[in-house]
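Quick look at query-v6.txt (compact mmCIF, C-alpha atoms and all ligand atoms):
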# COMPACT_ATOMS: atom_id res chain seq x y z
CA MET A 4 21.63 -4.69 9.27
CA GLY A 5 18.87 -4.31 6.73
CA SER A 6 18.16 -8.01 6.32
CA ASP A 7 17.35 -8.24 10.07
CA VAL A 8 14.35 -6.07 9.35
CA VAL A 9 13.00 -8.69 6.95
CA LYS A 10 13.86 -11.57 9.30
CA GLU A 11 11.92 -9.87 12.06
CA LEU A 12 9.01 -9.18 9.75
CA PHE A 13 8.57 -12.86 8.98
CA ASN A 14 9.19 -14.00 12.56
CA LEU A 15 6.31 -12.32 14.31
CA GLY A 16 4.63 -15.61 15.16
CA ARG A 17 1.90 -14.72 12.64
CA PRO A 18 1.98 -13.64 9.01
CA PRO A 19 3.00 -9.99 8.66
CA LEU A 20 0.46 -7.38 7.55
CA LEU A 21 1.63 -5.00 4.86
CA ALA A 22 -0.05 -1.90 3.51
CA ALA A 23 0.02 -1.69 -0.28
CA PRO A 24 2.00 1.17 -1.76
CA MET A 25 -0.67 3.44 -3.26
CA ALA A 26 0.03 6.59 -5.24
CA GLY A 27 -1.87 9.54 -3.78
CA ILE A 28 -2.78 7.59 -0.64
CA THR A 29 0.19 6.15 1.27
CA ASP A 30 1.76 9.52 1.83
CA ASP A 31 3.55 10.57 5.00
CA ALA A 32 0.36 11.20 6.98
CA TYR A 33 -1.57 8.06 6.10
CA ARG A 34 1.42 5.83 6.75
CA ARG A 35 1.76 7.30 10.24
CA ILE A 36 -1.94 6.68 10.81
CA ILE A 37 -1.81 3.01 9.83
CA ALA A 38 1.45 2.55 11.73
CA SER A 39 -0.68 3.30 14.80
CA THR A 40 -3.36 0.74 13.91
CA GLY A 41 -1.25 -2.38 13.64
CA VAL A 42 0.34 -2.54 10.18
CA ASP A 43 3.77 -4.21 10.14
CA LEU A 44 5.22 -2.65 6.98
CA THR A 45 4.29 0.31 4.80
CA PHE A 46 5.94 1.65 1.65
CA THR A 47 6.22 5.06 0.08
CA GLN A 48 3.94 5.77 -2.86
CA MET A 49 5.84 4.65 -5.96
CA VAL A 50 8.76 7.04 -6.45
CA SER A 51 10.21 7.75 -9.89
CA ALA A 52 13.82 6.55 -10.17
CA GLU A 53 14.34 9.05 -12.98
CA GLY A 54 12.97 11.84 -10.81
CA LEU A 55 15.35 10.86 -8.00
CA SER A 56 18.35 10.59 -10.27
CA ARG A 57 17.60 14.09 -11.60
CA GLY A 58 16.90 15.34 -8.08
CA THR A 59 13.41 16.69 -8.86
CA ARG A 60 11.67 18.37 -5.95
CA LYS A 61 8.63 16.06 -6.08
CA SER A 62 10.65 12.83 -5.99
CA MET A 63 13.08 14.08 -3.35
CA ALA A 64 10.13 15.12 -1.15
CA MET A 65 8.52 11.69 -1.57
CA LEU A 66 11.77 10.08 -0.49
CA GLU A 67 11.46 11.89 2.84
CA GLU A 68 7.95 10.58 3.51
CA GLY A 69 7.61 8.34 6.52
CA ARG A 70 11.05 9.12 7.92
CA GLY A 71 11.29 7.65 11.41
CA LEU A 72 8.95 4.75 10.68
CA SER A 73 10.49 1.34 11.16
CA PRO A 74 10.93 -0.59 8.96
CA TRP A 75 11.33 2.30 6.53
CA ALA A 76 10.69 1.09 2.97
CA VAL A 77 10.68 2.81 -0.41
CA GLN A 78 9.05 1.64 -3.62
CA LEU A 79 10.87 2.69 -6.81
CA PHE A 80 9.68 2.54 -10.39
CA GLY A 81 11.83 2.77 -13.48
CA GLY A 82 12.71 0.82 -16.59
CA ARG A 83 16.41 1.63 -16.89
CA PRO A 84 18.80 -0.51 -14.85
CA GLN A 85 21.37 2.22 -14.25
CA THR A 86 18.77 4.76 -13.18
CA MET A 87 17.17 2.26 -10.82
CA ALA A 88 20.63 1.45 -9.41
CA LYS A 89 21.28 5.14 -8.76
CA ALA A 90 17.89 5.58 -7.09
CA ALA A 91 18.45 2.54 -4.86
CA ALA A 92 21.83 3.90 -3.77
CA LEU A 93 20.21 7.26 -2.96
CA ALA A 94 17.57 5.50 -0.89
CA GLU A 95 20.23 3.65 1.05
CA ASP A 96 22.10 6.91 1.70
CA ALA A 97 18.84 8.47 2.90
CA GLY A 98 18.61 5.77 5.59
CA TYR A 99 16.07 3.35 4.12
CA GLN A 100 15.92 -0.25 5.32
CA LEU A 101 14.21 -1.90 2.35
CA VAL A 102 13.91 -1.18 -1.38
CA ASP A 103 10.90 -2.47 -3.32
CA ILE A 104 10.74 -2.51 -7.13
CA ASN A 105 7.42 -1.79 -8.81
CA MET A 106 6.86 -4.43 -11.51
CA GLY A 107 3.11 -4.19 -11.73
CA CYS A 108 1.83 -0.67 -12.33
CA PRO A 109 -0.16 -0.56 -15.60
CA VAL A 110 -0.71 3.22 -15.60
CA PRO A 111 0.35 4.55 -19.07
CA LYS A 112 2.83 7.14 -17.81
CA VAL A 113 4.73 4.37 -16.00
CA TYR A 114 4.22 1.61 -18.56
CA LYS A 115 5.37 3.76 -21.51
CA LYS A 116 8.73 4.25 -19.83
CA GLY A 117 9.33 0.50 -19.76
CA ALA A 118 8.65 0.48 -16.01
CA GLY A 119 6.01 -1.12 -13.75
CA ALA A 120 3.88 -3.64 -15.64
CA ALA A 121 6.05 -3.26 -18.78
CA LEU A 122 8.64 -5.34 -16.90
CA LEU A 123 6.18 -8.25 -16.78
CA GLU A 124 6.29 -8.32 -20.59
CA ASP A 125 10.03 -7.89 -20.91
CA VAL A 126 11.45 -10.51 -18.59
CA ASP A 127 15.07 -9.80 -19.58
CA ARG A 128 14.65 -6.15 -18.71
CA ALA A 129 13.01 -7.12 -15.41
CA PHE A 130 16.08 -9.17 -14.52
CA ALA A 131 18.46 -6.41 -15.66
CA VAL A 132 16.66 -3.89 -13.43
CA ALA A 133 16.59 -6.36 -10.54
CA GLN A 134 20.28 -7.21 -10.90
CA ALA A 135 21.28 -3.54 -11.09
CA VAL A 136 19.36 -2.70 -7.91
CA VAL A 137 20.72 -5.67 -5.96
CA SER A 138 24.28 -4.73 -7.01
CA ALA A 139 23.82 -1.06 -6.08
CA THR A 140 22.67 -1.54 -2.49
CA SER A 141 23.39 -3.66 0.54
CA LEU A 142 19.76 -3.26 1.62
CA PRO A 143 17.26 -6.10 1.27
CA VAL A 144 15.33 -5.81 -1.99
CA SER A 145 11.77 -6.92 -2.72
CA ALA A 146 9.49 -6.58 -5.73
CA LYS A 147 5.78 -6.21 -6.19
CA LEU A 148 4.35 -7.67 -9.36
CA ARG A 149 1.17 -8.92 -10.97
CA LEU A 150 0.69 -12.45 -12.29
CA GLY A 151 1.60 -11.35 -15.82
CA PRO A 152 0.45 -9.05 -18.60
CA THR A 153 -2.59 -11.15 -19.64
CA VAL A 154 -4.37 -14.29 -18.45
CA ASP A 155 -2.63 -16.44 -21.05
CA ASN A 156 0.81 -15.09 -20.14
CA ALA A 157 1.56 -15.58 -16.43
CA THR A 158 5.18 -14.41 -16.58
CA ALA A 159 5.38 -14.24 -12.77
CA PHE A 160 6.14 -17.97 -12.94
CA ALA A 161 9.38 -17.15 -14.78
CA ILE A 162 10.23 -13.87 -13.07
CA VAL A 163 9.82 -14.77 -9.40
CA PRO A 164 12.22 -17.77 -9.45
CA GLY A 165 14.80 -15.51 -11.14
CA LEU A 166 14.38 -12.86 -8.44
CA ARG A 167 14.77 -15.54 -5.78
CA GLU A 168 18.11 -16.50 -7.39
CA LEU A 169 19.19 -12.86 -7.24
CA GLY A 170 18.67 -12.92 -3.48
CA PHE A 171 15.42 -10.97 -3.19
CA ALA A 172 14.10 -10.86 0.37
CA PHE A 173 10.47 -11.56 -0.61
CA ILE A 174 8.01 -10.88 -3.40
CA THR A 175 4.53 -9.44 -3.23
CA VAL A 176 2.15 -10.85 -5.79
CA HIS A 177 -0.93 -8.83 -6.72
CA ALA A 178 -3.08 -11.68 -8.00
CA ARG A 179 -4.36 -9.96 -11.13
CA TYR A 180 -3.03 -9.46 -14.66
CA SER A 181 -1.95 -6.06 -15.98
CA ASP A 182 -4.91 -5.76 -18.32
CA GLN A 183 -7.36 -6.36 -15.46
CA GLY A 184 -7.07 -3.03 -13.68
CA TYR A 185 -8.26 -3.34 -10.07
CA TYR A 186 -11.84 -4.47 -10.30
CA GLN A 187 -11.78 -8.01 -11.71
CA PRO A 188 -11.74 -10.54 -8.88
CA ALA A 189 -8.20 -11.42 -7.80
CA ASP A 190 -7.16 -14.93 -8.87
CA TRP A 191 -6.19 -16.63 -5.60
CA GLU A 192 -5.94 -20.02 -7.33
CA MET A 193 -3.06 -18.75 -9.43
CA LEU A 194 -1.56 -17.14 -6.34
CA SER A 195 -1.71 -20.51 -4.63
CA ALA A 196 -0.14 -22.24 -7.66
CA LEU A 197 2.65 -19.67 -7.71
CA LYS A 198 3.31 -20.14 -3.99
CA ARG A 199 3.51 -23.93 -4.49
CA HIS A 200 5.87 -23.37 -7.44
CA LEU A 201 8.20 -21.33 -5.22
CA GLY A 202 8.37 -23.68 -2.21
CA ASP A 203 9.53 -21.88 0.91
CA PHE A 204 10.49 -18.61 -0.80
CA ARG A 205 8.48 -15.85 0.89
CA ILE A 206 5.46 -14.63 -0.99
CA VAL A 207 3.18 -11.89 0.26
CA GLY A 208 -0.34 -12.17 -1.16
CA ASN A 209 -2.25 -9.14 -2.41
CA GLY A 210 -5.64 -8.65 -4.01
CA ASP A 211 -9.15 -8.45 -2.57
CA VAL A 212 -8.36 -8.58 1.13
CA LEU A 213 -11.14 -6.14 1.89
CA ALA A 214 -12.22 -7.39 5.32
CA PRO A 215 -10.52 -9.30 8.17
CA GLU A 216 -12.05 -12.66 7.24
CA ASP A 217 -10.59 -12.33 3.71
CA GLY A 218 -7.16 -12.38 5.36
CA SER A 219 -7.66 -15.78 7.01
CA ARG A 220 -9.26 -17.10 3.83
CA MET A 221 -6.32 -15.96 1.69
CA LEU A 222 -3.85 -17.67 4.04
CA ALA A 223 -5.87 -20.90 4.08
CA GLU A 224 -6.48 -20.98 0.32
CA THR A 225 -3.05 -19.91 -0.93
CA GLY A 226 -0.43 -20.64 1.76
CA VAL A 227 1.19 -17.22 1.31
CA ASP A 228 3.57 -15.95 4.00
CA GLY A 229 2.12 -12.48 4.48
CA ILE A 230 -0.86 -10.33 3.56
CA MET A 231 -0.91 -6.97 1.81
CA VAL A 232 -4.02 -4.80 1.95
CA GLY A 233 -4.75 -2.10 -0.64
CA ARG A 234 -8.27 -0.74 -1.15
CA GLY A 235 -9.43 -2.41 2.05
CA MET A 236 -7.58 0.24 4.07
CA LEU A 237 -9.25 3.22 2.37
CA GLY A 238 -11.33 4.90 5.02
CA ASN A 239 -10.56 1.96 7.28
CA PRO A 240 -7.13 2.16 8.89
CA TRP A 241 -8.59 -0.07 11.64
CA ILE A 242 -8.51 -3.04 9.27
CA PHE A 243 -4.99 -3.85 10.45
CA SER A 244 -5.90 -4.23 14.13
CA ALA A 245 -8.96 -6.24 13.09
CA LEU A 246 -6.78 -8.49 10.92
CA ARG A 247 -4.39 -9.07 13.83
CA THR A 248 -7.27 -10.22 16.00
CA GLU A 249 -8.76 -12.30 13.20
CA LEU A 250 -5.46 -14.08 12.49
CA SER A 251 -4.78 -14.76 16.16
CA GLY A 252 -8.22 -16.38 16.43
CA ALA A 253 -8.65 -14.36 19.63
CA GLY A 254 -12.39 -13.89 19.21
CA GLU A 255 -14.33 -10.61 19.03
CA LEU A 256 -12.91 -8.15 16.50
CA PRO A 257 -12.10 -4.71 17.94
CA ARG A 258 -14.82 -2.13 17.15
CA PRO A 259 -13.64 1.42 17.72
CA THR A 260 -16.39 3.75 18.91
CA PRO A 261 -17.50 6.67 16.71
CA ARG A 262 -15.60 9.03 19.03
CA GLN A 263 -12.41 6.95 18.75
CA ARG A 264 -12.76 6.86 14.97
CA VAL A 265 -13.19 10.59 14.78
CA GLU A 266 -10.12 11.15 16.96
CA LEU A 267 -7.99 9.21 14.47
CA ILE A 268 -9.56 10.96 11.47
CA ARG A 269 -8.74 14.32 13.10
CA LYS A 270 -5.18 13.20 13.67
CA HIS A 271 -4.92 12.20 10.00
CA LEU A 272 -6.06 15.66 8.90
CA ARG A 273 -3.71 17.38 11.37
CA LEU A 274 -0.75 15.43 10.00
CA MET A 275 -1.70 16.42 6.44
CA VAL A 276 -2.08 20.08 7.37
CA ASP A 277 1.31 20.03 9.11
CA VAL A 278 2.95 18.80 5.90
CA ALA A 279 1.08 20.77 3.24
CA GLY A 280 -0.83 23.65 4.85
CA GLU A 281 -4.62 23.90 5.08
CA ARG A 282 -5.51 24.59 1.43
CA VAL A 283 -3.59 21.74 -0.17
CA ALA A 284 -4.19 19.36 2.73
CA ILE A 285 -7.96 19.80 2.58
CA ARG A 286 -7.99 19.26 -1.18
CA ASP A 287 -6.12 15.95 -0.72
CA PHE A 288 -8.06 14.98 2.40
CA ARG A 289 -11.54 15.17 0.78
CA LYS A 290 -11.27 11.72 -0.74
CA HIS A 291 -10.19 10.24 2.59
CA LEU A 292 -13.11 11.95 4.33
CA VAL A 293 -15.55 10.47 1.81
CA TRP A 294 -14.01 7.02 2.38
CA TYR A 295 -14.18 7.41 6.13
CA LEU A 296 -17.82 8.35 5.92
CA ARG A 297 -18.57 5.50 3.51
CA ALA A 298 -17.58 3.08 6.22
CA PHE A 299 -20.19 4.65 8.51
CA PRO A 300 -23.79 3.66 7.99
CA GLY A 301 -26.19 6.50 7.44
CA ALA A 302 -23.67 9.12 6.35
CA ALA A 303 -24.83 9.76 2.76
CA SER A 304 -25.74 13.41 3.30
CA LEU A 305 -22.47 14.07 5.15
CA ARG A 306 -20.58 12.57 2.22
CA GLU A 307 -22.23 15.01 -0.16
CA ARG A 308 -20.88 17.86 1.96
CA ALA A 309 -17.49 16.15 2.37
CA VAL A 310 -16.64 16.40 -1.34
CA LYS A 311 -16.88 20.20 -1.12
CA VAL A 312 -15.06 21.04 2.12
CA LYS A 313 -12.52 23.86 1.97
CA LYS A 314 -11.63 24.46 5.63
CA VAL A 315 -10.62 22.40 8.63
CA GLY A 316 -13.60 23.89 10.46
CA GLU A 317 -16.03 22.38 7.93
CA VAL A 318 -14.46 18.96 8.40
CA GLU A 319 -14.84 19.39 12.17
CA GLU A 320 -18.56 20.13 11.77
CA ILE A 321 -19.08 17.03 9.64
CA LEU A 322 -17.22 14.86 12.12
CA GLU A 323 -19.20 16.20 15.07
CA GLU A 324 -22.45 15.53 13.23
CA TYR A 325 -21.24 12.07 12.40
CA VAL A 326 -20.54 11.31 16.06
CA ALA A 327 -23.94 12.64 17.07
CA LYS A 328 -25.70 10.54 14.43
CA ALA A 329 -23.69 7.41 15.15
CA GLU A 330 -24.18 7.70 18.92
CA ASP A 331 -27.90 8.09 18.27
CA GLY A 332 -27.76 4.99 16.09
CA GLY A 333 -29.52 7.23 13.55
CA GLU A 334 -29.71 6.45 9.84
CA ASP A 335 -30.14 9.01 7.05
C1 LIG A 401 -5.26 4.47 -6.34
C2 LIG A 401 -4.28 3.34 -6.40
C3 LIG A 401 -2.91 3.62 -6.38
C4 LIG A 401 -1.99 2.59 -6.45
N1 LIG A 401 -0.64 2.88 -6.40
C5 LIG A 401 0.27 1.87 -6.43
C6 LIG A 401 1.67 2.14 -6.31
O1 LIG A 401 2.12 3.28 -6.17
N2 LIG A 401 2.51 1.07 -6.32
C7 LIG A 401 2.06 -0.22 -6.45
O2 LIG A 401 2.87 -1.17 -6.45
N3 LIG A 401 0.75 -0.50 -6.55
C8 LIG A 401 -0.14 0.51 -6.53
N4 LIG A 401 -1.48 0.21 -6.57
C9 LIG A 401 -1.91 -1.19 -6.52
C10 LIG A 401 -2.12 -1.60 -5.04
O3 LIG A 401 -0.88 -1.54 -4.35
C11 LIG A 401 -2.68 -3.03 -4.92
O4 LIG A 401 -1.79 -3.92 -5.54
C12 LIG A 401 -4.05 -3.16 -5.57
O5 LIG A 401 -4.93 -2.15 -5.12
C13 LIG A 401 -4.66 -4.54 -5.27
O6 LIG A 401 -4.86 -4.75 -3.91
P1 LIG A 401 -6.34 -4.66 -3.25
O7 LIG A 401 -7.22 -5.63 -4.02
O8 LIG A 401 -6.11 -5.02 -1.82
O9 LIG A 401 -6.77 -3.23 -3.46
C14 LIG A 401 -2.43 1.24 -6.53
C15 LIG A 401 -3.80 0.96 -6.55
C16 LIG A 401 -4.72 1.99 -6.50
C17 LIG A 401 -6.20 1.65 -6.52
So, in terms of structure tokens, how does the structure I just supplied come out?
Amino acid sequence: MGSDVVKELFNLGRPPLLAAPMAGITDDAYRRIIASTGVDLTFTQMVSAEGLSRGTRKSMAMLEEGRGLSPWAVQLFGGRPQTMAKAAALAEDAGYQLVDINMGCPVPKVYKKGAGAALLEDVDRAFAVAQAVVSATSLPVSAKLRLGPTVDNATAFAIVPGLRELGFAFITVHARYSDQGYYQPADWEMLSALKRHLGDFRIVGNGDVLAPEDGSRMLAETGVDGIMVGRGMLGNPWIFSALRTELSGAGELPRPTPRQRVELIRKHLRLMVDVAGERVAIRDFRKHLVWYLRAFPGAASLRERAVKVKKVGEVEEILEEYVAKAEDGGED
């Protein structure tokens, strides 16, 4: 059953659009928001396999995020094959349709456990984890990795062919090295070389698709089979509908009106409040609000207020002022 989900994903008549798993961002609410703006596949934030195998409240709650979305995909991180196997089996029991393995996160708390980007340095361990997950579940399995630990060590060229042999459904390549963080330019030339190296094995490209035209450029320059957007969706869930139009070559990109934007932003906040209650939701929503306002010209003073909001009512006031300013065409 599960593999049909992947077949469908790559048979849309255009490359699929994926939202990058992002800790602290692709939670239940934001995934529902982007599901309504044209994304084809979203993942949970990375979920700790150790946390799941111990049944911690935080990990078990994350596993519930996005229930009802289709395809429903989880991203797991862990460095121990047996723990990852157990977590994958739990995900299958929970009803998931796809399991993704994080092989690229350089954050110390992940890396120190032999997980995430540590797997790019320890290719044998990467294969052991991959093999254990594939054996533990009948679901399709994917992985998301960087090009390698450092520029002179592009281990993705060894790892991805091995994952293909293990029957992985597809691989997402974030076209940076582990020591590059997020702000060096992504290396699309290496992404293109890796895609050529892999022939017709499905590769999803990730890194620096920040605007719709970057999507067509990435496809033309690298030949990847799908596109994953990370930072480009912050404050801009509409990027997925714009990318759809861009890739179809159907002319004018959609431009939601200020009022339409604000409606979606309100919905985002409502979903967060439903899950976490006003106090916690507002704390977590502030960053989104700042991103939303960044995308709007002339909203500098509103952004200053946005970082301090404590109540839904204050957000409402900011949004109403935004609409008034934007409809006026006013700048700060
Ligand atoms: C705040 C933040 C959180 C992230 N969390 C994850 C994560 O949980 N799992 C993962 O595989 N990558 C994670 N990433 C990496 C992104 O998925 C993506 O690979 C990266 O941002 C590059 O894509 P972009 O250039 O489109 O932003 C994160 C990145 C950021 C900035």
*asked:* Which residues are close to range 270-282 of chain A, i.e. within 10 Å by all atoms listed in the file, leaving aside same-chain residues fewer than 4 positions away? Reply as JSON, numbers by chain.
replied: {"A": [30, 31, 32, 33, 34, 35, 36, 37, 68, 264, 265, 266, 286, 287, 288, 289, 291, 292, 313, 314, 315, 318]}
Considering all atoms listed in the file, tabulate each residue of chain A that lies at most 6 Å from ligand LIG 401 (chain A) along with its nearest interatomic pair and the corresponding distance in Å to one decimal; arrange the rows by chain and ascending residue number and present them as a Markdown table.
| residue | atom | partner | partner_atom | distance |
| --- | --- | --- | --- | --- |
| A:Ala23 | CA | A:LIG401 | O3 | 4.2 |
| A:Pro24 | CA | A:LIG401 | N2 | 4.6 |
| A:Met25 | CA | A:LIG401 | N1 | 3.2 |
| A:Ala26 | CA | A:LIG401 | N1 | 3.9 |
| A:Gln48 | CA | A:LIG401 | O1 | 4.5 |
| A:Met49 | CA | A:LIG401 | O1 | 4.0 |
| A:Asn105 | CA | A:LIG401 | O2 | 5.2 |
| A:Cys108 | CA | A:LIG401 | N3 | 5.9 |
| A:Lys147 | CA | A:LIG401 | O2 | 5.8 |
| A:His177 | CA | A:LIG401 | O4 | 5.1 |
| A:Asn209 | CA | A:LIG401 | O6 | 5.3 |
| A:Gly210 | CA | A:LIG401 | O7 | 3.4 |
| A:Asp211 | CA | A:LIG401 | O7 | 3.7 |
| A:Val212 | CA | A:LIG401 | O8 | 5.1 |
| A:Val232 | CA | A:LIG401 | O8 | 4.3 |
| A:Gly233 | CA | A:LIG401 | O8 | 3.4 |
| A:Arg234 | CA | A:LIG401 | O9 | 3.7 |
| A:Gly235 | CA | A:LIG401 | O8 | 5.7 |
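The closest residue to Gln100 in chain A, picked from A:Val310, A:Ala133, A:Leu213, A:Ala172 and counting only C-alpha atoms, is A:Ala172.
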*Could you tell me, as a VMD selection string, which residues have any atom at most 10 Å from (-1.0, -11.7, -18.9), counting only C-alpha atoms?*
chain A and resid 120 123 to 124 149 to 159 179 to 183
_Among listed residues A:Pro259, A:Gly54, A:Pro19, A:Pro74, nearest Ile230 in chain A (using all atoms listed in the file)_ = A:Pro19
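Taking all atoms listed in the file, the non-local environment of range 141-145 of chain A within 9 Å (same-chain residues fewer than 4 positions away omitted) comprises Met4, Gly5, Ser6, Val8, Val9, Ala91, Ala92, Glu95, Tyr99, Gln100, Leu101, Val102, Asp103, Ile104, Ala133, Val136, Val137, Leu166, Gly170, Phe171, Ala172, Phe173, Ile174 and Thr175 of chain A.
Closest approach to Ala214 in chain A among A:Asp228, A:Asp331, A:Glu249, A:Glu192: A:Glu249, based on all atoms listed in the file.
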*For CA of Ala245 in chain A and CA of Ser39 in chain A, quote the distance in Å rounded to one decimal.*
12.7 Å
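Shortest separation to Val113 in chain A among A:Met65, A:Ala135, A:Leu79, A:Val283 occurs at residue A:Leu79, atoms counted being all atoms listed in the file.
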*Can you list, as a list in words, every protein, DNA or RNA residue that comes within 12 Å of Leu322 in chain A when you count only C-alpha atoms, leaving out same-chain residues fewer than 6 positions away?*
Pro261, Arg262, Gln263, Arg264, Val265, Glu266, Leu267, Ile268, Arg269, Leu272, Leu292, Val293, Tyr295, Leu296, Phe299, Ala302, Leu305, Arg306, Arg308, Ala309, Val312, Val315, Gly316, Lys328 and Ala329 of chain A
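Between Lys311 in chain A and the residues A:Ala22, A:Leu169, A:Ile285, A:Met236, the shortest atom-to-atom distance, using all atoms listed in the file, involves A:Ile285.
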_Between CA of Glu11 in chain A and CA of Leu246 in chain A, what distance in Å does the model show, to one decimal?_
18.8 Å
_List the spatial neighbours of Ala52 in chain A as a ChimeraX atom specification - criterion: any atom at most 8 Å away, only C-alpha atoms, same-chain residues fewer than 6 positions off excluded._
/A:79-81,86-87,89-90
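Distance-wise, CA of Met106 in chain A and CA of Ala118 in chain A end up 6.9 Å apart.
Each of A:Val50, A:Ile162, A:Leu237, A:Leu194 was compared to Lys290 in chain A using all atoms listed in the file, and A:Leu237 turns out to be the nearest.
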*Residues within 9 Å of Leu250 in chain A, only C-alpha atoms, excluding chain neighbours under 2 positions, as a ChimeraX atom specification*: /A:17-18,215-216,218-219,245-248,252-253
